[in-house]
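K.L.:
Sharing work26.tsv below, TSV, C-alpha atoms:
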```tsv
chain	number	residue	atom	x	y	z
A	1	MET	CA	0.00	0.00	0.00
A	2	THR	CA	1.37	3.38	-0.99
A	3	THR	CA	1.26	6.45	1.22
A	4	SER	CA	-1.40	7.95	-1.05
A	5	ASP	CA	-3.63	4.89	-0.49
A	6	ARG	CA	-3.60	5.35	3.28
A	7	LEU	CA	-6.58	7.10	4.80
A	8	ARG	CA	-5.83	10.55	6.19
A	9	VAL	CA	-7.58	11.08	9.51
A	10	ALA	CA	-7.51	14.39	11.35
A	11	LEU	CA	-7.39	13.73	15.09
A	12	ILE	CA	-8.69	16.92	16.71
A	13	ILE	CA	-8.08	17.57	20.42
A	14	GLY	CA	-10.95	19.79	21.52
A	15	SER	CA	-10.06	20.84	25.05
A	16	THR	CA	-7.98	23.98	25.52
A	17	ARG	CA	-8.28	24.12	29.31
A	18	SER	CA	-5.20	24.21	31.53
A	19	GLY	CA	-4.47	20.74	32.95
A	20	ARG	CA	-6.62	19.13	30.25
A	21	PHE	CA	-6.93	15.39	29.73
A	22	GLY	CA	-7.50	15.43	25.97
A	23	PRO	CA	-3.86	14.79	24.96
A	24	THR	CA	-3.82	11.66	27.14
A	25	VAL	CA	-6.91	10.33	25.37
A	26	ALA	CA	-5.44	11.27	21.98
A	27	ASP	CA	-2.20	9.42	22.82
A	28	TRP	CA	-4.21	6.31	23.69
A	29	PHE	CA	-6.18	6.52	20.46
A	30	THR	CA	-2.99	6.97	18.43
A	31	THR	CA	-1.74	3.60	19.65
A	32	ARG	CA	-5.01	1.99	18.49
A	33	VAL	CA	-4.44	3.33	14.96
A	34	ALA	CA	-0.80	2.23	14.64
A	35	ARG	CA	-1.51	-1.08	12.86
A	36	ARG	CA	-4.03	0.34	10.40
A	37	ALA	CA	-3.60	1.91	6.97
A	38	ILE	CA	-4.23	5.36	8.45
A	39	THR	CA	-2.09	8.46	8.56
A	40	LEU	CA	-3.05	10.66	11.53
A	41	ASP	CA	-2.80	14.42	11.47
A	42	ARG	CA	-2.94	15.48	15.11
A	43	ILE	CA	-4.58	18.89	15.47
A	44	ASP	CA	-4.56	20.49	18.92
A	45	LEU	CA	-7.01	23.36	19.22
A	46	ALA	CA	-5.01	24.71	22.18
A	47	THR	CA	-2.17	25.56	19.80
A	48	ALA	CA	-4.07	26.10	16.52
A	49	GLY	CA	-4.32	29.86	17.08
A	50	LEU	CA	-7.84	30.25	15.71
A	51	PRO	CA	-9.31	33.69	16.41
A	52	ASP	CA	-12.41	33.82	18.60
A	53	GLN	CA	-14.20	36.21	16.26
A	54	LEU	CA	-15.25	35.03	12.80
A	55	THR	CA	-14.53	37.26	9.84
A	56	ASP	CA	-17.19	38.48	7.44
A	57	HIS	CA	-17.67	36.42	4.27
A	58	ASP	CA	-15.86	38.92	2.07
A	59	GLU	CA	-12.88	39.34	4.41
A	60	PRO	CA	-9.72	37.26	3.97
A	61	ALA	CA	-9.28	34.42	6.45
A	62	PRO	CA	-6.49	34.82	9.03
A	63	ALA	CA	-3.32	32.77	8.48
A	64	ALA	CA	-4.16	30.27	11.26
A	65	VAL	CA	-7.54	29.60	9.65
A	66	ARG	CA	-5.99	29.09	6.21
A	67	GLU	CA	-3.38	26.69	7.63
A	68	LEU	CA	-5.90	24.61	9.56
A	69	GLY	CA	-8.33	24.70	6.64
A	70	ALA	CA	-5.74	23.11	4.36
A	71	ARG	CA	-5.19	20.30	6.88
A	72	LEU	CA	-8.93	19.67	7.25
A	73	ALA	CA	-9.45	19.75	3.49
A	74	ALA	CA	-6.74	17.09	3.07
A	75	ALA	CA	-8.38	14.75	5.60
A	76	ASP	CA	-10.54	11.79	4.59
A	77	ALA	CA	-12.15	11.57	8.04
A	78	PHE	CA	-12.23	13.23	11.45
A	79	VAL	CA	-11.95	11.98	15.02
A	80	LEU	CA	-12.78	14.61	17.60
A	81	VAL	CA	-11.51	14.07	21.16
A	82	THR	CA	-13.63	16.18	23.48
A	83	PRO	CA	-14.59	16.49	27.12
A	84	GLU	CA	-18.16	17.13	28.12
A	85	TYR	CA	-18.62	20.50	29.80
A	86	ASN	CA	-22.02	21.34	31.25
A	87	ARG	CA	-23.78	18.68	29.14
A	88	SER	CA	-22.15	19.95	25.92
A	89	PHE	CA	-18.79	20.36	24.19
A	90	PRO	CA	-16.22	23.15	24.71
A	91	ALA	CA	-16.52	26.54	23.03
A	92	ALA	CA	-13.16	25.99	21.30
A	93	VAL	CA	-14.67	23.04	19.42
A	94	LYS	CA	-17.64	25.09	18.17
A	95	ASN	CA	-15.30	27.90	17.16
A	96	ALA	CA	-13.14	25.47	15.16
A	97	ILE	CA	-16.18	23.94	13.48
A	98	ASP	CA	-17.69	27.30	12.57
A	99	TRP	CA	-14.57	28.64	10.84
A	100	PHE	CA	-14.94	25.97	8.14
A	101	GLY	CA	-17.62	24.60	5.83
A	102	SER	CA	-16.69	22.61	2.74
A	103	GLU	CA	-13.68	21.11	4.55
A	104	TRP	CA	-16.10	18.95	6.60
A	105	ALA	CA	-18.45	18.01	3.77
A	106	ALA	CA	-18.92	14.42	2.59
A	107	LYS	CA	-16.45	13.06	5.12
A	108	PRO	CA	-17.13	10.84	8.14
A	109	VAL	CA	-16.69	12.17	11.65
A	110	THR	CA	-16.74	10.38	14.97
A	111	VAL	CA	-16.19	11.41	18.58
A	112	ILE	CA	-14.16	10.14	21.50
A	113	SER	CA	-15.78	11.85	24.47
A	114	TYR	CA	-14.85	11.72	28.11
A	115	GLY	CA	-15.96	13.09	31.42
A	116	GLY	CA	-16.27	12.56	35.15
A	117	ASP	CA	-19.51	10.74	35.86
A	118	SER	CA	-20.62	11.22	32.27
A	119	ASP	CA	-19.13	9.44	29.28
A	120	GLY	CA	-19.61	12.58	27.20
A	121	SER	CA	-22.70	11.34	25.37
A	122	HIS	CA	-24.41	14.74	25.59
A	123	ALA	CA	-21.48	16.37	23.80
A	124	THR	CA	-21.46	13.60	21.20
A	125	ALA	CA	-25.20	13.92	20.51
A	126	GLN	CA	-24.91	17.66	19.97
A	127	LEU	CA	-21.85	17.30	17.74
A	128	ARG	CA	-23.76	14.88	15.52
A	129	GLN	CA	-26.38	17.56	14.88
A	130	VAL	CA	-23.79	20.26	14.19
A	131	PHE	CA	-21.73	18.13	11.81
A	132	ALA	CA	-24.82	16.90	9.95
A	133	GLU	CA	-25.70	20.54	9.24
A	134	LEU	CA	-22.28	20.92	7.59
A	135	ASP	CA	-22.83	17.89	5.32
A	136	ALA	CA	-20.34	15.78	7.25
A	137	VAL	CA	-21.32	12.17	7.96
A	138	PRO	CA	-21.49	11.49	11.70
A	139	ILE	CA	-21.02	7.75	12.06
A	140	ARG	CA	-22.94	5.72	14.61
A	141	ARG	CA	-20.00	4.27	16.49
A	142	THR	CA	-18.26	6.53	18.96
A	143	VAL	CA	-16.24	6.01	22.14
A	144	GLY	CA	-17.50	7.39	25.44
A	145	ILE	CA	-15.25	7.27	28.50
A	146	ALA	CA	-16.83	7.83	31.91
A	147	ARG	CA	-14.64	8.41	34.98
A	148	ALA	CA	-11.69	9.09	32.70
A	149	TRP	CA	-9.46	10.36	35.51
A	150	GLN	CA	-9.98	7.20	37.59
A	151	ARG	CA	-8.95	4.81	34.81
A	152	PHE	CA	-5.21	4.87	35.38
A	153	ALA	CA	-3.50	1.51	35.92
A	154	PRO	CA	-1.28	0.95	38.99
A	155	ASP	CA	1.82	1.62	36.86
A	156	GLY	CA	0.48	5.05	35.90
A	157	SER	CA	-0.49	4.14	32.35
A	158	TRP	CA	-3.88	5.09	30.97
A	159	PRO	CA	-6.27	3.50	30.61
A	160	GLY	CA	-6.04	0.51	32.88
A	161	ARG	CA	-6.94	-2.81	31.26
A	162	ASP	CA	-10.40	-2.28	29.77
A	163	PRO	CA	-11.61	-4.79	27.15
A	164	GLU	CA	-14.90	-2.89	26.71
A	165	LEU	CA	-13.06	0.33	25.83
A	166	GLU	CA	-10.77	-1.56	23.46
A	167	ASP	CA	-13.77	-3.15	21.72
A	168	ALA	CA	-15.47	0.24	21.38
A	169	ALA	CA	-12.34	1.75	19.80
A	170	ARG	CA	-11.90	-1.19	17.43
A	171	GLY	CA	-15.54	-1.06	16.30
A	172	MET	CA	-15.40	2.70	15.84
A	173	LEU	CA	-12.21	2.47	13.76
A	174	ASP	CA	-13.67	-0.32	11.62
A	175	GLN	CA	-16.75	1.77	10.85
A	176	LEU	CA	-14.78	5.00	10.34
A	177	THR	CA	-12.44	3.22	7.91
A	178	TRP	CA	-15.37	1.85	5.92
A	179	TRP	CA	-17.06	5.24	5.63
A	180	ALA	CA	-13.82	7.09	4.91
A	181	THR	CA	-12.93	4.69	2.10
A	182	ALA	CA	-16.42	4.75	0.58
A	183	LEU	CA	-16.74	8.52	0.72
A	184	ARG	CA	-13.24	9.14	-0.60
A	185	GLU	CA	-14.06	6.95	-3.61
A	186	ALA	CA	-17.38	8.75	-4.09
A	187	ARG	CA	-15.76	12.22	-3.91
A	188	GLY	CA	-13.16	11.04	-6.43
A	189	LYS	CA	-15.86	10.02	-8.91
A	190	THR	CA	-18.33	12.84	-8.35
A	191	PRO	CA	-17.47	16.07	-6.54
A	192	PHE	CA	-19.81	16.72	-3.64
A	193	VAL	CA	-22.42	19.39	-4.28
A	194	LEU	CA	-22.80	21.90	-1.44
```
Starting from the file, lay out its structure as structure tokens.
P.N.:
Amino acid sequence: MTTSDRLRVALIIGSTRSGRFGPTVADWFTTRVARRAITLDRIDLATAGLPDQLTDHDEPAPAAVRELGARLAAADAFVLVTPEYNRSFPAAVKNAIDWFGSEWAAKPVTVISYGGDSDGSHATAQLRQVFAELDAVPIRRTVGIARAWQRFAPDGSWPGRDPELEDAARGMLDQLTWWATALREARGKTPFVL
């Protein structure tokens, strides 16, 4: 398999909070992808430099928006790692979504959500609605991680042994790969109409 045949997946870390847990979850997910024909592009919203205020439609996009837009446009699929805050997702995630339009279209997206008592399912449900409005394809399989901070193993690794979490990640990756392959082929044959 050539590099161009590999699926390009943008792994987006949605939390920008000090002391955040998102990079730990992203590191874990990265190890799950290692044996697959996937090239990950890790995008951390804490360092992306996106402005908080959107420009008008006739204004040029800021450099950070152009740079991130090129990376999103090159992706075949998206995995968003997000905490659940107040039964929703962080403002930084909505800001990142709203800066872009066609970059999301006709591509599958899934969510790895995490929280304290919650597994992040409220954030995931809302993200499905938002991404559907942008013509992305929210897939059914996601990964929700409740009590994320309590899941460390005695040796300090995260997560501790968890066959259910491993199965969820495997199933999500299988479905994401199927959709990403099918939609990439479809976009190659017929450009998506916005």
K.L.:
Find the residues around Val9 (chain A) up to 8 Å (all atoms listed in the file counted), leave out those fewer than 4 positions away in its own chain, and share them as a list in words.
P.N.:
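Listing them by chain and then by number gives Ile38, Thr39, Leu40, Asp41, Ala75, Asp76, Ala77, Phe78 and Val79 of chain A.
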K.L.:
Using the file's own x, y and z axes, what box holds all listed atoms of region 83-98 of chain A with 8 Å on each side, keeping edges along x, y and z, and what are its centre and edge lengths in Å to one decimal, as lines of an AutoDock Vina configuration file?
P.N.:
```
center_x = -18.5
center_y = 22.2
center_z = 21.9
size_x = 26.6
size_y = 27.4
size_z = 34.7
```
K.L.:
If I take CA of Val137 (chain A) and CA of Leu176 (chain A), how far is one from the other in Å, to one decimal?
P.N.:
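Between these atoms lies a distance of 10.0 Å.
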K.L.:
Can you tell me how far CA of Ile112 (chain A) sits from CA of Thr124 (chain A), in Å to one decimal?
P.N.:
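Answer for the CA of Ile112 (chain A) to CA of Thr124 (chain A) separation: 8.1 Å.
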K.L.:
Find, counting all atoms listed in the file, the residue in A:Gly101, A:Pro138, A:Pro159, A:Pro191 that gets nearest to Thr31 (chain A).
P.N.:
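For Thr31 (chain A), the nearest of the given residues is A:Pro159.
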K.L.:
Quick check, in Å to one decimal: how far apart do CA of Thr24 (chain A) and CA of Trp158 (chain A) lie?
P.N.:
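That distance, rounded to one decimal, is 7.6 Å.
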K.L.:
May I have the protein, DNA and RNA residues with an atom at most 12 Å from (-5.3, 14.1, 14.7), counting all atoms listed in the file in the file's coordinates, returned as a ChimeraX atom specification?
P.N.:
/A:8-14,22-23,25-30,33,38-45,68,71-72,75-81,109,111-112
K.L.:
Contacts of Gly49 (chain A) at 9 Å or less, counting all atoms listed in the file, minus same-chain residues fewer than 3 places along, as a ChimeraX atom specification?
P.N.:
/A:45-46,64-65
K.L.:
When distances are computed from all atoms listed in the file, which of A:Arg66, A:Arg32, A:Asp52, A:Ser121 shows the smallest separation from Leu165 (chain A)?
P.N.:
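Closest residue, counting all atoms listed in the file: A:Arg32.
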K.L.:
Thr142 (chain A): which residues within 9 Å, counting only C-alpha atoms, same-chain residues fewer than 2 positions away excluded, as a list of chain:residue names?
P.N.:
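The contact residues come out as A:Thr110, A:Val111, A:Ile112, A:Ser113, A:Thr124, A:Ile139, A:Arg140, A:Gly144, A:Ala168, A:Ala169, A:Gly171, A:Met172, A:Leu173.
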K.L.:
Selecting N, CA, C and O atoms, how would region 84-115 of chain A from this structure be written as a compact mmCIF listing (two decimals), in the first residue's frame?
P.N.:
```
# COMPACT_ATOMS: atom_id res chain seq x y z
N GLU A 84 -16.81 16.59 28.01
CA GLU A 84 -18.16 17.13 28.12
C GLU A 84 -18.15 18.18 29.21
O GLU A 84 -17.78 17.89 30.35
N TYR A 85 -18.51 19.40 28.85
CA TYR A 85 -18.62 20.50 29.80
C TYR A 85 -20.09 20.90 29.88
O TYR A 85 -20.69 21.25 28.86
N ASN A 86 -20.65 20.86 31.05
CA ASN A 86 -22.02 21.34 31.25
C ASN A 86 -23.00 20.75 30.24
O ASN A 86 -23.79 21.45 29.63
N ARG A 87 -22.90 19.44 30.04
CA ARG A 87 -23.78 18.68 29.14
C ARG A 87 -23.61 19.06 27.67
O ARG A 87 -24.51 18.88 26.85
N SER A 88 -22.42 19.57 27.30
CA SER A 88 -22.15 19.95 25.92
C SER A 88 -20.65 19.83 25.66
O SER A 88 -19.92 19.26 26.47
N PHE A 89 -20.20 20.39 24.56
CA PHE A 89 -18.79 20.36 24.19
C PHE A 89 -18.19 21.75 24.39
O PHE A 89 -18.91 22.74 24.47
N PRO A 90 -16.86 21.86 24.45
CA PRO A 90 -16.22 23.15 24.71
C PRO A 90 -16.43 24.17 23.59
O PRO A 90 -16.57 23.82 22.42
N ALA A 91 -16.37 25.44 23.99
CA ALA A 91 -16.52 26.54 23.03
C ALA A 91 -15.44 26.49 21.95
O ALA A 91 -15.71 26.84 20.79
N ALA A 92 -14.25 26.06 22.29
CA ALA A 92 -13.16 25.99 21.30
C ALA A 92 -13.51 25.04 20.16
O ALA A 92 -13.12 25.27 19.01
N VAL A 93 -14.26 23.99 20.46
CA VAL A 93 -14.67 23.04 19.42
C VAL A 93 -15.66 23.72 18.47
O VAL A 93 -15.52 23.64 17.25
N LYS A 94 -16.64 24.40 19.02
CA LYS A 94 -17.64 25.09 18.17
C LYS A 94 -16.96 26.16 17.33
O LYS A 94 -17.27 26.33 16.14
N ASN A 95 -16.03 26.89 17.91
CA ASN A 95 -15.30 27.90 17.16
C ASN A 95 -14.56 27.26 15.98
O ASN A 95 -14.63 27.76 14.86
N ALA A 96 -13.89 26.15 16.24
CA ALA A 96 -13.14 25.47 15.16
C ALA A 96 -14.09 24.95 14.08
O ALA A 96 -13.78 25.05 12.88
N ILE A 97 -15.22 24.44 14.47
CA ILE A 97 -16.18 23.94 13.48
C ILE A 97 -16.70 25.10 12.63
O ILE A 97 -16.76 25.01 11.40
N ASP A 98 -17.05 26.20 13.27
CA ASP A 98 -17.69 27.30 12.57
C ASP A 98 -16.78 28.06 11.60
O ASP A 98 -17.27 28.72 10.68
N TRP A 99 -15.48 27.97 11.78
CA TRP A 99 -14.57 28.64 10.84
C TRP A 99 -14.60 27.98 9.46
O TRP A 99 -14.18 28.57 8.48
N PHE A 100 -15.07 26.74 9.38
CA PHE A 100 -14.94 25.97 8.14
C PHE A 100 -16.30 25.47 7.66
O PHE A 100 -17.25 25.43 8.41
N GLY A 101 -16.38 25.10 6.41
CA GLY A 101 -17.62 24.60 5.83
C GLY A 101 -17.35 23.41 4.93
O GLY A 101 -17.49 22.27 5.33
N SER A 102 -16.90 23.69 3.72
CA SER A 102 -16.69 22.61 2.74
C SER A 102 -15.62 21.62 3.18
O SER A 102 -15.62 20.47 2.74
N GLU A 103 -14.73 22.03 4.07
CA GLU A 103 -13.68 21.11 4.55
C GLU A 103 -14.26 19.90 5.26
O GLU A 103 -13.66 18.82 5.26
N TRP A 104 -15.45 20.06 5.87
CA TRP A 104 -16.10 18.95 6.60
C TRP A 104 -16.96 18.08 5.68
O TRP A 104 -17.26 16.94 6.02
N ALA A 105 -17.40 18.62 4.57
CA ALA A 105 -18.45 18.01 3.77
C ALA A 105 -18.06 16.66 3.17
O ALA A 105 -16.94 16.47 2.70
N ALA A 106 -19.04 15.76 3.20
CA ALA A 106 -18.92 14.42 2.59
C ALA A 106 -17.77 13.61 3.16
O ALA A 106 -17.15 12.81 2.46
N LYS A 107 -17.49 13.81 4.43
CA LYS A 107 -16.45 13.06 5.12
C LYS A 107 -17.01 12.56 6.46
O LYS A 107 -17.78 13.27 7.10
N PRO A 108 -16.62 11.36 6.88
CA PRO A 108 -17.13 10.84 8.14
C PRO A 108 -16.44 11.50 9.34
O PRO A 108 -15.27 11.88 9.28
N VAL A 109 -17.21 11.61 10.40
CA VAL A 109 -16.69 12.17 11.65
C VAL A 109 -17.20 11.31 12.80
O VAL A 109 -18.33 10.84 12.78
N THR A 110 -16.33 11.09 13.77
CA THR A 110 -16.74 10.38 14.97
C THR A 110 -16.13 11.11 16.17
O THR A 110 -15.31 12.01 16.00
N VAL A 111 -16.57 10.70 17.36
CA VAL A 111 -16.19 11.41 18.58
C VAL A 111 -15.67 10.42 19.61
O VAL A 111 -16.24 9.34 19.79
N ILE A 112 -14.60 10.81 20.27
CA ILE A 112 -14.16 10.14 21.50
C ILE A 112 -14.41 11.17 22.60
O ILE A 112 -13.74 12.20 22.65
N SER A 113 -15.41 10.90 23.42
CA SER A 113 -15.78 11.85 24.47
C SER A 113 -15.43 11.27 25.83
O SER A 113 -15.36 10.06 26.00
N TYR A 114 -15.21 12.17 26.77
CA TYR A 114 -14.85 11.72 28.11
C TYR A 114 -15.37 12.71 29.13
O TYR A 114 -15.68 13.86 28.81
N GLY A 115 -15.49 12.22 30.35
CA GLY A 115 -15.96 13.09 31.42
C GLY A 115 -15.74 12.45 32.78
O GLY A 115 -15.06 11.43 32.90
```
